[in-house]
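Worksheet: the structure to be examined is printed underneath.
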Amino acid sequence: MVTEGPWLDGLTSAQRAAVVHPAAPLLVLAGPGSGKTRVITRRIAHLVAQGAAPWSILALTFTNKAAGEMKERVHSLLGAELAGARGLQVSTFHSFCATLLRRYGSSPAAAASDGTPLAPGFSIFDTDDARDAAKRAIAAAGFDSKNWPAAIVLSRISDAKNKLLDAAAYAAEAGDFTSRSLAKIYRAYEAELAKCNAVDFDDLLLRVARLVRQDASVREELQQRYRHVLIDEYQDTNHAQFVIAGAIAQSHGSLTVVGDPDQSIYAWRGADITNILDFEQHFPGAGVIPLGQNFRSTAHIVAVADGLIRHNTRRKHKDLTTELEAGAMPQVIRALDERHEARVVVDEMVRQHEAGVPWKGMAALYRMNALSRVIEDELRRRSIPYVVVRGTAFYERREIKDALAYLRTLANPSDEVALRRIINVPTRGIGATTIARADALAAAHGLGFEAALAATDGLTARARKAIDGFLANVAQWRADLMQGAPHEVDDEDLPQMLGGMLGGYVARVLTESGFEAAAGEGSADAEEAAERRANVAELVTAASEFRMPAQEPGAPRPQLVDVLRAFLERVALVADSDAFDPEAGAVTLMSLHAAKGLEFPFVAVIACEEGILPHSRVQADPAQLEEERRLLFVGITRAERQLMLSSAAMRTLRGIREATMESQFIEELPADRVARRDLAGGSRGGSIDPDAPSWEPDPDERQGWKAGMRVRHRQFGMGQIEAVLRQGSVTTLRVAFRTVGVKSLVAEYARLEIVG
DNA sequence: GTCGCGCCTTCGAGC
DNA sequence: AAGGCGCGAC
């Protein structure tokens with residue numbers, strides 16, 4: 001047993017107390033910048049040093065990124081000395097649950113609520129797939145999609161699932177007409193999922209919660225295996241996650257949770273803040289260690305954050321302190337409009353850069369992803385490197401979803417949502433009529449969609465031929481999945497070998513199906529077509545770079561089908577923040593939600609305006625308003641040395657230009673801790689003429705048109721500037737468009753987008 | 001059966 | 001501003 005080591009170096013007494021706390025329930029209330037990640041990783045290292053087997057430790061994080069970093073840190077802490085941390089399991093709740101469902105899916109407790117068992121290779125539906133399934137469920141339950149929008153239905157079902165109410169339990173509680181109707185739709189939705197051998201995101205948690213509650217042998221196996229459970233960002237766990245963690249930790253009680261109620265920002269997707277607030281009631285005798293000292297931000301920033309969060313009434317107050325110097329005053333900026341705001345923010349970034357802060361040390365944060373656009377434009381115009389952190393954006397693209405639907409059809413033959421998506425992509429002459437016929441046949445004979453397609457008669461010869469050809473291909477591709485790596489490949493080289501096989505396989509399917517060749521079709525222009533093809537190529541690359549996670553000891557060697565399923569699972573569970581690369585050497589742009597857990601020397605929170613932050617949809621509800629305030633608190637506390645909070649007196653949003661009001665949260669900041677700069681002339685909105693050119697755009701921006709530039713017009717599409725004619729203050733451009741020929745446009749009004 | 005246009009709605013954060 | 005849906009033309 002080792003009682004001293006590098007994992008105890010340089011800790012404060014509170015941090016140390018948390019690290020060495022006995023293997024018993026422990027709540028670490030960790031304020032922003034208080035060394036939370038440090039405490040978890042070092043506690044893991046300490047547990048291992050105390051003799052715990054690495055594979056007996058389960059650490060659950062919020063994102064894959066955080067999981068990867070945590071694993072790495074533990075590795076380097078223990079290093080050679082303790083033979084590393086092999087077998088240590090660090091993952092997100094969702095991927096941990098997916099893994100359990102692959103392993104224990106045959107347990108009746110993991111089955112769908114109608115009893116349909118989960119087969120290996122089940123699909124994980126994303127929000128889009130779930131919406132498709134919900135639409136079909138609404139129709140199947142006999143309701144009109146006009147009165148029952150899929151998105152609303154889904155959010156109600158999601159709420160139910162997060163509270164561990166399955167369709168039957170929901171129906172039992174349903175009293176009024178709306179609830180009873182929803183209960184029917186919920187049941188039909190579950191039937192759709194079951195038919196597809198699919199789960200949605202909430203199911204991953206719900207089914208595992210049911211599994212650990214109802215299946216004693218699984219529960220005991222997990223309790224035996226995971227002797228120590230640690231959970232990061234505990235303030236954002238929901239009830240299902242609470243049940244899962246509690247069940248696993250129940251026998252030994254070694255449960256460490258770390259979080260900050262003031263940073264709880266996911267109530268809207270089911271996070272239950274009482275998990276953390278009532279931890280001591282849930283686990284009597286639990287240790288509680290507050291970490292209030294902030295090592296991240298200079299004193300003014302901490303004071304501003306503290307001053308803001310004090311306005312939340314439903315909270316346990318803890319003092320935020322720092323021993324760092326006062327530092328720069330946080331700046332509160334009121335700009336004229338969103339482009340002006342972007343200019344001011346980027347000006348500050350340039351100033352910071354000149355003062356030695358690298359681009360990667362800066363971030364612009366916002367409440368809504370749509371707000372990234374102006375900042376992007378400004379950074380691009382000034383040739384400053386930036387990345388928009390939105391990991392799921394790539395997977396939301398149509399061509400990528402289609403390509404993945406091919407793979408899902410192959411990995412999970414029941415996945416009808418996927419099959420429907422690609423049955424006629426590229427167009428093969430299998431249209432709505434054919435599909436309606438197949439549906440009718442399926443309903444009449446209780447067939448699956450694929451079987452019904454094969455069996456439908458009375459089709460045109462062309463449709464018949466198209467279906468037969470396609471299904472023959474599918475059968476061949478599925479057969480091709482039943483192969484492993486050559487036996488002579490040793491374990492060391494296996495992951496890379498399998499990745500290569502997967503890449504080759506994906507490329508082959510997408511080529512042979514004709515998908516790749518047609519990937520650019522239907523694009524508005526050649527540019528977009530090229531982009532789509534590049535994205536598909538990128539997906540093939542991602543597949544070949546995929547590394548199969550380590551298998552359980554004694555497990556059979558994975559076949560290609562297992563690799564494909566693991567890949568699809570990984571892809572389904574990417575988080576937006578997974579795309580964050582601290583070494584990218586670029587300014588970071590991301591949502592306030594995605595910024596949780598990160599830190600930057602310079603942070604700008606843009607669009608601090610009523611209706612945006614707080615968001616317009618929440619203002620009536622005090623609990624939701626407090627969550628909005630916490631969101632700004634999270635943003636502020638990402639800043640290490642420089643903070644800018646900006647708003648614009650005028651903003652164009654969703655195509656409407658409107659006067660704005662500064663966020664009520666700005667007024668709540670301690671006035672002596674912020675430096676205000678009102679660049680909008682004291683305007684509080686409303687009094688400005690929206691059309692008045694209120695600030696001077698950069699000369700190079702106004703006169704930036706040059707012959708030869710490639711531009712895009714909303715209506716005319718792609719074109720190239722032939723000539724720039726200046727007539728007084730008016731600039732006229734002669735533009736040769738690909739489709740409509742040469743046009744003369746007034747530069748100021750044409751709203752041309754420069755594309756290169 | 002397919003394609004393209006225009007009207008209409010929507011419109012937040014995300015595993 | 002942008003995506004979904006329905007209609008008409010080919």
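Going through the structure tokens in order, the chains are called A, B, and so on, while each chain numbers its residues from 1 and the ligands are numbered from 1 in the order shown.
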All residues 9 Å or closer to region 11-14 of chain B, only C-alpha atoms (C1' of nucleotides), same chain fewer than 6 positions away omitted, as a PyMOL selection string: chain A and resi 265-266+268-269+367-369+575-576+591-594+615+617+654
Quick one: write out the picked residues with all heavy atoms as a compact mmCIF listing (two decimals), in the first residue's frame?
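What follows is the written file part_10.txt:
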# COMPACT_ATOMS: atom_id res chain seq x y z
N ILE A 265 -27.15 23.38 -15.37
CA ILE A 265 -27.71 24.07 -16.55
C ILE A 265 -28.47 23.13 -17.47
O ILE A 265 -28.73 23.45 -18.63
CB ILE A 265 -26.60 24.77 -17.35
CG1 ILE A 265 -25.47 23.80 -17.70
CG2 ILE A 265 -26.06 25.97 -16.58
CD1 ILE A 265 -24.38 24.42 -18.58
N TYR A 266 -28.83 21.95 -16.97
CA TYR A 266 -29.51 20.98 -17.83
C TYR A 266 -30.84 20.52 -17.26
O TYR A 266 -31.31 19.43 -17.60
CB TYR A 266 -28.61 19.78 -18.12
CG TYR A 266 -27.55 20.07 -19.15
CD1 TYR A 266 -26.25 20.38 -18.77
CD2 TYR A 266 -27.86 20.06 -20.50
CE1 TYR A 266 -25.27 20.66 -19.72
CE2 TYR A 266 -26.90 20.33 -21.46
CZ TYR A 266 -25.60 20.63 -21.06
OH TYR A 266 -24.66 20.91 -22.00
N TRP A 268 -33.60 21.43 -18.17
CA TRP A 268 -34.50 21.30 -19.32
C TRP A 268 -34.41 19.94 -20.00
O TRP A 268 -35.28 19.55 -20.74
CB TRP A 268 -34.22 22.40 -20.33
CG TRP A 268 -32.80 22.46 -20.76
CD1 TRP A 268 -31.80 23.15 -20.16
CD2 TRP A 268 -32.20 21.78 -21.86
NE1 TRP A 268 -30.61 22.94 -20.81
CE2 TRP A 268 -30.84 22.10 -21.87
CE3 TRP A 268 -32.69 20.93 -22.86
CZ2 TRP A 268 -29.95 21.61 -22.82
CZ3 TRP A 268 -31.80 20.45 -23.80
CH2 TRP A 268 -30.44 20.79 -23.78
N ARG A 269 -33.33 19.22 -19.74
CA ARG A 269 -33.34 17.87 -20.31
C ARG A 269 -33.35 16.82 -19.20
O ARG A 269 -32.87 15.70 -19.35
CB ARG A 269 -32.21 17.65 -21.31
CG ARG A 269 -30.84 17.65 -20.75
CD ARG A 269 -29.86 17.16 -21.83
NE ARG A 269 -28.75 16.51 -21.19
CZ ARG A 269 -27.51 16.55 -21.62
NH1 ARG A 269 -27.22 17.19 -22.73
NH2 ARG A 269 -26.55 15.93 -21.00
N ARG A 367 -25.55 32.12 -26.12
CA ARG A 367 -26.69 31.35 -25.66
C ARG A 367 -27.25 30.46 -26.75
O ARG A 367 -27.80 29.41 -26.48
CB ARG A 367 -27.77 32.32 -25.16
CG ARG A 367 -29.07 31.68 -24.68
CD ARG A 367 -28.82 30.84 -23.46
NE ARG A 367 -30.04 30.30 -22.90
CZ ARG A 367 -30.66 29.21 -23.34
NH1 ARG A 367 -30.16 28.57 -24.37
NH2 ARG A 367 -31.74 28.77 -22.75
N MET A 368 -27.15 30.94 -28.00
CA MET A 368 -27.75 30.21 -29.12
C MET A 368 -26.72 30.02 -30.21
O MET A 368 -26.00 30.96 -30.55
CB MET A 368 -28.92 30.99 -29.72
CG MET A 368 -30.07 31.22 -28.79
SD MET A 368 -31.42 32.05 -29.62
CE MET A 368 -30.75 33.65 -29.94
N ASN A 369 -26.70 28.86 -30.79
CA ASN A 369 -25.71 28.59 -31.83
C ASN A 369 -25.80 29.55 -33.00
O ASN A 369 -24.80 29.85 -33.64
CB ASN A 369 -25.85 27.15 -32.32
CG ASN A 369 -25.29 26.17 -31.32
OD1 ASN A 369 -24.14 26.28 -30.90
ND2 ASN A 369 -26.11 25.22 -30.89
N ALA A 575 -20.64 14.28 -28.38
CA ALA A 575 -21.17 15.50 -27.76
C ALA A 575 -20.60 16.69 -28.51
O ALA A 575 -19.52 16.61 -29.10
CB ALA A 575 -20.76 15.55 -26.30
N ASP A 576 -21.31 17.78 -28.48
CA ASP A 576 -20.82 18.98 -29.13
C ASP A 576 -19.44 19.35 -28.63
O ASP A 576 -18.55 19.68 -29.40
CB ASP A 576 -21.78 20.14 -28.88
CG ASP A 576 -22.90 20.14 -29.90
OD1 ASP A 576 -22.80 19.40 -30.89
OD2 ASP A 576 -23.88 20.86 -29.70
N SER A 591 -21.38 27.36 -27.62
CA SER A 591 -22.51 27.71 -26.77
C SER A 591 -22.06 27.71 -25.31
O SER A 591 -21.07 27.07 -24.93
CB SER A 591 -23.63 26.68 -26.95
OG SER A 591 -23.24 25.46 -26.37
N LEU A 592 -22.80 28.41 -24.49
CA LEU A 592 -22.50 28.43 -23.06
C LEU A 592 -22.60 27.01 -22.48
O LEU A 592 -21.81 26.64 -21.62
CB LEU A 592 -23.46 29.37 -22.34
CG LEU A 592 -23.19 30.86 -22.56
CD1 LEU A 592 -24.41 31.70 -22.23
CD2 LEU A 592 -21.99 31.32 -21.74
N HIS A 593 -23.55 26.25 -22.98
CA HIS A 593 -23.68 24.88 -22.47
C HIS A 593 -22.44 24.05 -22.77
O HIS A 593 -21.97 23.29 -21.93
CB HIS A 593 -24.92 24.20 -23.08
CG HIS A 593 -26.20 24.63 -22.44
ND1 HIS A 593 -26.95 25.68 -22.93
CD2 HIS A 593 -26.86 24.17 -21.35
CE1 HIS A 593 -28.01 25.84 -22.17
NE2 HIS A 593 -27.99 24.94 -21.20
N ALA A 594 -21.93 24.20 -23.99
CA ALA A 594 -20.77 23.40 -24.38
C ALA A 594 -19.51 23.83 -23.63
O ALA A 594 -18.54 23.07 -23.55
CB ALA A 594 -20.55 23.49 -25.89
N HIS A 615 -33.29 33.62 -22.12
CA HIS A 615 -33.99 33.32 -23.35
C HIS A 615 -35.47 33.67 -23.21
O HIS A 615 -36.05 33.53 -22.14
CB HIS A 615 -33.84 31.85 -23.69
CG HIS A 615 -34.23 31.54 -25.10
ND1 HIS A 615 -35.52 31.22 -25.45
CD2 HIS A 615 -33.51 31.56 -26.24
CE1 HIS A 615 -35.56 31.03 -26.76
NE2 HIS A 615 -34.36 31.22 -27.26
N ARG A 617 -38.07 32.25 -24.00
CA ARG A 617 -39.04 31.21 -23.68
C ARG A 617 -39.11 30.90 -22.19
O ARG A 617 -39.87 30.04 -21.77
CB ARG A 617 -38.70 29.92 -24.44
CG ARG A 617 -38.52 30.16 -25.91
CD ARG A 617 -39.53 29.45 -26.76
NE ARG A 617 -39.47 28.02 -26.67
CZ ARG A 617 -39.45 27.21 -27.73
NH1 ARG A 617 -39.39 27.71 -28.94
NH2 ARG A 617 -39.47 25.93 -27.58
N ARG A 654 -33.36 35.87 -36.84
CA ARG A 654 -34.43 35.22 -37.61
C ARG A 654 -35.00 36.17 -38.65
O ARG A 654 -36.21 36.25 -38.84
CB ARG A 654 -35.55 34.78 -36.68
CG ARG A 654 -35.11 33.70 -35.74
CD ARG A 654 -36.00 33.63 -34.53
NE ARG A 654 -35.32 32.97 -33.45
CZ ARG A 654 -35.54 33.19 -32.18
NH1 ARG A 654 -36.44 34.06 -31.82
NH2 ARG A 654 -34.88 32.54 -31.26
Excluding region 1-8 of chain B and residues on its chain fewer than 5 positions from it, collect all residues at most 8 Å away from it, counting only C-alpha atoms (C1' of nucleotides), and give them as a short mmCIF file (atom, residue, chain, number, x, y, z; two decimals) with N, CA and C atoms, in the first residue's frame.
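In the end it all went to part_23.cif:
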data_model
loop_
_atom_site.label_atom_id
_atom_site.label_comp_id
_atom_site.auth_asym_id
_atom_site.auth_seq_id
_atom_site.Cartn_x
_atom_site.Cartn_y
_atom_site.Cartn_z
N GLY A 429 -36.15 4.86 -58.16
CA GLY A 429 -37.50 4.60 -58.64
C GLY A 429 -38.37 3.89 -57.62
N ILE A 430 -38.00 4.00 -56.36
CA ILE A 430 -38.84 3.42 -55.31
C ILE A 430 -39.51 4.58 -54.58
N GLY A 431 -40.65 4.98 -55.07
CA GLY A 431 -41.28 6.20 -54.57
C GLY A 431 -42.37 5.95 -53.55
#
Could you pull out the residues in region 259-451 of chain A that DSSP calls strand (DSSP E or B) from the backbone, as an mmCIF file with all heavy atoms, in the first residue's frame?
data_model
loop_
_atom_site.group_PDB
_atom_site.id
_atom_site.type_symbol
_atom_site.label_atom_id
_atom_site.label_comp_id
_atom_site.auth_asym_id
_atom_site.auth_seq_id
_atom_site.Cartn_x
_atom_site.Cartn_y
_atom_site.Cartn_z
ATOM 1 N N GLY A 259 -19.590 18.158 -7.949
ATOM 2 C CA GLY A 259 -20.398 19.055 -8.757
ATOM 3 C C GLY A 259 -20.617 20.383 -8.072
ATOM 4 O O GLY A 259 -20.119 20.624 -6.970
ATOM 5 N N ALA A 271 -32.221 17.017 -15.898
ATOM 6 C CA ALA A 271 -31.313 17.017 -14.755
ATOM 7 C C ALA A 271 -32.096 17.393 -13.498
ATOM 8 O O ALA A 271 -32.953 18.273 -13.521
ATOM 9 C CB ALA A 271 -30.178 18.004 -14.978
ATOM 10 N N GLY A 287 -19.727 12.112 3.580
ATOM 11 C CA GLY A 287 -18.816 13.232 3.769
ATOM 12 C C GLY A 287 -19.172 14.343 2.801
ATOM 13 O O GLY A 287 -19.610 14.084 1.690
ATOM 14 N N VAL A 288 -19.026 15.582 3.267
ATOM 15 C CA VAL A 288 -19.275 16.717 2.386
ATOM 16 C C VAL A 288 -18.073 17.649 2.467
ATOM 17 O O VAL A 288 -17.708 18.095 3.553
ATOM 18 C CB VAL A 288 -20.544 17.488 2.799
ATOM 19 C CG1 VAL A 288 -20.761 18.671 1.858
ATOM 20 C CG2 VAL A 288 -21.755 16.581 2.804
ATOM 21 N N ILE A 289 -17.465 17.898 1.354
ATOM 22 C CA ILE A 289 -16.302 18.778 1.347
ATOM 23 C C ILE A 289 -16.519 19.899 0.344
ATOM 24 O O ILE A 289 -16.622 19.646 -0.857
ATOM 25 C CB ILE A 289 -15.015 17.990 1.007
ATOM 26 C CG1 ILE A 289 -14.786 16.918 2.078
ATOM 27 C CG2 ILE A 289 -13.822 18.935 0.893
ATOM 28 C CD1 ILE A 289 -13.601 16.032 1.834
ATOM 29 N N PRO A 290 -16.659 21.129 0.835
ATOM 30 C CA PRO A 290 -16.793 22.240 -0.105
ATOM 31 C C PRO A 290 -15.422 22.727 -0.568
ATOM 32 O O PRO A 290 -14.488 22.817 0.223
ATOM 33 C CB PRO A 290 -17.501 23.311 0.728
ATOM 34 C CG PRO A 290 -17.263 22.940 2.157
ATOM 35 C CD PRO A 290 -16.714 21.548 2.234
ATOM 36 N N LEU A 291 -15.338 22.985 -1.850
ATOM 37 C CA LEU A 291 -14.132 23.598 -2.391
ATOM 38 C C LEU A 291 -14.561 24.949 -2.954
ATOM 39 O O LEU A 291 -15.170 25.016 -4.000
ATOM 40 C CB LEU A 291 -13.533 22.751 -3.522
ATOM 41 C CG LEU A 291 -13.152 21.303 -3.233
ATOM 42 C CD1 LEU A 291 -12.677 20.622 -4.512
ATOM 43 C CD2 LEU A 291 -12.070 21.243 -2.168
ATOM 44 N N GLN A 293 -12.441 27.822 -2.959
ATOM 45 C CA GLN A 293 -11.373 28.701 -3.447
ATOM 46 C C GLN A 293 -11.140 28.516 -4.933
ATOM 47 O O GLN A 293 -10.962 27.405 -5.421
ATOM 48 C CB GLN A 293 -10.081 28.426 -2.671
ATOM 49 C CG GLN A 293 -9.030 29.484 -2.972
ATOM 50 C CD GLN A 293 -7.727 29.220 -2.237
ATOM 51 O OE1 GLN A 293 -7.683 28.428 -1.288
ATOM 52 N NE2 GLN A 293 -6.666 29.870 -2.669
ATOM 53 N N ASN A 294 -11.159 29.619 -5.619
ATOM 54 C CA ASN A 294 -11.033 29.614 -7.071
ATOM 55 C C ASN A 294 -9.583 29.884 -7.463
ATOM 56 O O ASN A 294 -9.000 30.887 -7.054
ATOM 57 C CB ASN A 294 -11.959 30.696 -7.637
ATOM 58 C CG ASN A 294 -11.961 30.755 -9.137
ATOM 59 O OD1 ASN A 294 -10.911 30.808 -9.770
ATOM 60 N ND2 ASN A 294 -13.148 30.752 -9.722
ATOM 61 N N THR A 321 -14.070 32.559 -3.292
ATOM 62 C CA THR A 321 -12.907 33.366 -2.948
ATOM 63 C C THR A 321 -11.760 33.049 -3.885
ATOM 64 O O THR A 321 -11.740 32.003 -4.536
ATOM 65 C CB THR A 321 -12.433 33.057 -1.507
ATOM 66 O OG1 THR A 321 -12.046 31.674 -1.456
ATOM 67 C CG2 THR A 321 -13.531 33.312 -0.497
ATOM 68 N N THR A 322 -10.834 33.971 -3.914
ATOM 69 C CA THR A 322 -9.619 33.713 -4.687
ATOM 70 C C THR A 322 -8.480 34.440 -4.010
ATOM 71 O O THR A 322 -8.692 35.436 -3.325
ATOM 72 C CB THR A 322 -9.749 34.199 -6.145
ATOM 73 O OG1 THR A 322 -8.508 33.951 -6.818
ATOM 74 C CG2 THR A 322 -10.066 35.679 -6.219
ATOM 75 N N GLN A 331 -15.181 43.876 -18.708
ATOM 76 C CA GLN A 331 -15.781 44.933 -19.509
ATOM 77 C C GLN A 331 -17.218 44.590 -19.879
ATOM 78 O O GLN A 331 -17.496 43.482 -20.304
ATOM 79 C CB GLN A 331 -14.995 45.120 -20.807
ATOM 80 C CG GLN A 331 -13.557 45.545 -20.614
ATOM 81 C CD GLN A 331 -12.915 45.791 -21.957
ATOM 82 O OE1 GLN A 331 -13.341 46.658 -22.714
ATOM 83 N NE2 GLN A 331 -11.888 45.007 -22.256
ATOM 84 N N VAL A 332 -18.078 45.557 -19.713
ATOM 85 C CA VAL A 332 -19.460 45.407 -20.168
ATOM 86 C C VAL A 332 -19.656 46.353 -21.339
ATOM 87 O O VAL A 332 -19.489 47.562 -21.201
ATOM 88 C CB VAL A 332 -20.464 45.728 -19.045
ATOM 89 C CG1 VAL A 332 -21.884 45.773 -19.599
ATOM 90 C CG2 VAL A 332 -20.359 44.691 -17.940
ATOM 91 N N ILE A 333 -19.954 45.798 -22.487
ATOM 92 C CA ILE A 333 -20.019 46.576 -23.725
ATOM 93 C C ILE A 333 -21.445 46.626 -24.242
ATOM 94 O O ILE A 333 -22.135 45.614 -24.272
ATOM 95 C CB ILE A 333 -19.142 45.929 -24.820
ATOM 96 C CG1 ILE A 333 -17.716 45.730 -24.334
ATOM 97 C CG2 ILE A 333 -19.194 46.740 -26.118
ATOM 98 C CD1 ILE A 333 -16.931 46.992 -24.157
ATOM 99 N N ARG A 334 -21.853 47.836 -24.625
ATOM 100 C CA ARG A 334 -23.133 47.984 -25.326
ATOM 101 C C ARG A 334 -22.812 48.495 -26.724
ATOM 102 O O ARG A 334 -22.409 49.652 -26.887
ATOM 103 C CB ARG A 334 -24.016 48.978 -24.561
ATOM 104 C CG ARG A 334 -25.404 49.167 -25.152
ATOM 105 C CD ARG A 334 -26.346 48.126 -24.641
ATOM 106 N NE ARG A 334 -27.707 48.350 -25.111
ATOM 107 C CZ ARG A 334 -28.535 47.372 -25.458
ATOM 108 N NH1 ARG A 334 -28.129 46.117 -25.391
ATOM 109 N NH2 ARG A 334 -29.761 47.642 -25.852
ATOM 110 N N ALA A 335 -22.949 47.645 -27.716
ATOM 111 C CA ALA A 335 -22.601 48.028 -29.079
ATOM 112 C C ALA A 335 -23.857 48.430 -29.839
ATOM 113 O O ALA A 335 -24.970 48.275 -29.347
ATOM 114 C CB ALA A 335 -21.897 46.879 -29.785
ATOM 115 N N LEU A 336 -23.660 48.927 -31.043
ATOM 116 C CA LEU A 336 -24.800 49.432 -31.817
ATOM 117 C C LEU A 336 -25.624 48.317 -32.438
ATOM 118 O O LEU A 336 -26.838 48.313 -32.352
ATOM 119 C CB LEU A 336 -24.292 50.377 -32.906
ATOM 120 C CG LEU A 336 -23.906 51.740 -32.344
ATOM 121 C CD1 LEU A 336 -22.890 52.429 -33.229
ATOM 122 C CD2 LEU A 336 -25.161 52.599 -32.188
ATOM 123 N N ASP A 337 -24.948 47.411 -33.095
ATOM 124 C CA ASP A 337 -25.669 46.268 -33.639
ATOM 125 C C ASP A 337 -24.746 45.058 -33.584
ATOM 126 O O ASP A 337 -23.616 45.151 -33.105
ATOM 127 C CB ASP A 337 -26.198 46.540 -35.045
ATOM 128 C CG ASP A 337 -25.084 46.790 -36.045
ATOM 129 O OD1 ASP A 337 -23.934 46.402 -35.764
ATOM 130 O OD2 ASP A 337 -25.353 47.372 -37.105
ATOM 131 N N MET A 362 -8.573 32.129 -26.247
ATOM 132 C CA MET A 362 -9.725 33.045 -26.292
ATOM 133 C C MET A 362 -10.980 32.307 -26.724
ATOM 134 O O MET A 362 -10.919 31.397 -27.551
ATOM 135 C CB MET A 362 -9.471 34.158 -27.299
ATOM 136 C CG MET A 362 -8.161 34.878 -27.047
ATOM 137 S SD MET A 362 -7.989 36.213 -28.216
ATOM 138 C CE MET A 362 -6.235 36.445 -28.125
ATOM 139 N N ALA A 363 -12.088 32.749 -26.181
ATOM 140 C CA ALA A 363 -13.358 32.129 -26.563
ATOM 141 C C ALA A 363 -14.455 33.165 -26.625
ATOM 142 O O ALA A 363 -14.483 34.110 -25.840
ATOM 143 C CB ALA A 363 -13.730 31.041 -25.562
ATOM 144 N N ALA A 364 -15.355 32.990 -27.575
ATOM 145 C CA ALA A 364 -16.598 33.746 -27.601
ATOM 146 C C ALA A 364 -17.721 32.761 -27.314
ATOM 147 O O ALA A 364 -17.823 31.719 -27.970
ATOM 148 C CB ALA A 364 -16.807 34.412 -28.963
ATOM 149 N N LEU A 365 -18.530 33.068 -26.307
ATOM 150 C CA LEU A 365 -19.593 32.158 -25.884
ATOM 151 C C LEU A 365 -20.948 32.810 -26.118
ATOM 152 O O LEU A 365 -21.078 34.030 -26.032
ATOM 153 C CB LEU A 365 -19.433 31.826 -24.396
ATOM 154 C CG LEU A 365 -18.043 31.359 -23.959
ATOM 155 C CD1 LEU A 365 -18.029 31.088 -22.448
ATOM 156 C CD2 LEU A 365 -17.619 30.116 -24.712
ATOM 157 N N TYR A 366 -21.924 31.984 -26.399
ATOM 158 C CA TYR A 366 -23.250 32.533 -26.688
ATOM 159 C C TYR A 366 -24.341 31.564 -26.259
ATOM 160 O O TYR A 366 -24.108 30.383 -26.063
ATOM 161 C CB TYR A 366 -23.380 32.830 -28.186
ATOM 162 C CG TYR A 366 -22.619 31.862 -29.060
ATOM 163 C CD1 TYR A 366 -23.142 30.613 -29.340
ATOM 164 C CD2 TYR A 366 -21.353 32.180 -29.574
ATOM 165 C CE1 TYR A 366 -22.445 29.711 -30.123
ATOM 166 C CE2 TYR A 366 -20.645 31.267 -30.344
ATOM 167 C CZ TYR A 366 -21.194 30.036 -30.615
ATOM 168 O OH TYR A 366 -20.492 29.138 -31.368
ATOM 169 N N TYR A 386 -10.194 30.359 -36.248
ATOM 170 C CA TYR A 386 -11.211 30.074 -35.234
ATOM 171 C C TYR A 386 -11.809 28.698 -35.498
ATOM 172 O O TYR A 386 -11.726 28.174 -36.604
ATOM 173 C CB TYR A 386 -12.328 31.131 -35.271
ATOM 174 C CG TYR A 386 -13.203 31.065 -36.494
ATOM 175 C CD1 TYR A 386 -14.348 30.262 -36.511
ATOM 176 C CD2 TYR A 386 -12.880 31.790 -37.633
ATOM 177 C CE1 TYR A 386 -15.142 30.187 -37.637
ATOM 178 C CE2 TYR A 386 -13.666 31.715 -38.761
ATOM 179 C CZ TYR A 386 -14.799 30.918 -38.767
ATOM 180 O OH TYR A 386 -15.583 30.829 -39.883
ATOM 181 N N VAL A 387 -12.381 28.123 -34.454
ATOM 182 C CA VAL A 387 -13.149 26.884 -34.612
ATOM 183 C C VAL A 387 -14.480 27.034 -33.901
ATOM 184 O O VAL A 387 -14.540 27.562 -32.793
ATOM 185 C CB VAL A 387 -12.447 25.652 -34.030
ATOM 186 C CG1 VAL A 387 -11.508 25.020 -35.031
ATOM 187 C CG2 VAL A 387 -11.717 25.993 -32.751
ATOM 188 N N VAL A 388 -15.525 26.593 -34.554
ATOM 189 C CA VAL A 388 -16.830 26.551 -33.914
ATOM 190 C C VAL A 388 -16.967 25.146 -33.319
ATOM 191 O O VAL A 388 -16.910 24.164 -34.049
ATOM 192 C CB VAL A 388 -17.963 26.814 -34.913
ATOM 193 C CG1 VAL A 388 -19.304 26.792 -34.208
ATOM 194 C CG2 VAL A 388 -17.744 28.150 -35.594
#
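The residues of chain A lying at most 9 Å from chain C, with only C-alpha atoms (C1' of nucleotides) taken into account, are Leu653, Arg654, Gly655 and Ile656 of chain A.
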What would the file look like if the residues just selected were written as a PDB file, in the first residue's frame with N, CA and C atoms?
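As written to disk, again27.pdb reads:
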ATOM      1  N   LEU A 653     -32.290  39.013 -35.932  1.00  0.00           N
ATOM      2  CA  LEU A 653     -32.390  37.620 -35.525  1.00  0.00           C
ATOM      3  C   LEU A 653     -33.576  37.020 -36.266  1.00  0.00           C
ATOM      4  N   ARG A 654     -33.364  35.873 -36.844  1.00  0.00           N
ATOM      5  CA  ARG A 654     -34.429  35.225 -37.610  1.00  0.00           C
ATOM      6  C   ARG A 654     -34.997  36.174 -38.652  1.00  0.00           C
ATOM      7  N   GLY A 655     -34.093  36.947 -39.232  1.00  0.00           N
ATOM      8  CA  GLY A 655     -34.511  37.811 -40.320  1.00  0.00           C
ATOM      9  C   GLY A 655     -35.190  39.093 -39.899  1.00  0.00           C
ATOM     10  N   ILE A 656     -35.345  39.315 -38.587  1.00  0.00           N
ATOM     11  CA  ILE A 656     -36.016  40.529 -38.140  1.00  0.00           C
ATOM     12  C   ILE A 656     -35.033  41.385 -37.348  1.00  0.00           C
TER      13      ILE A 656
END
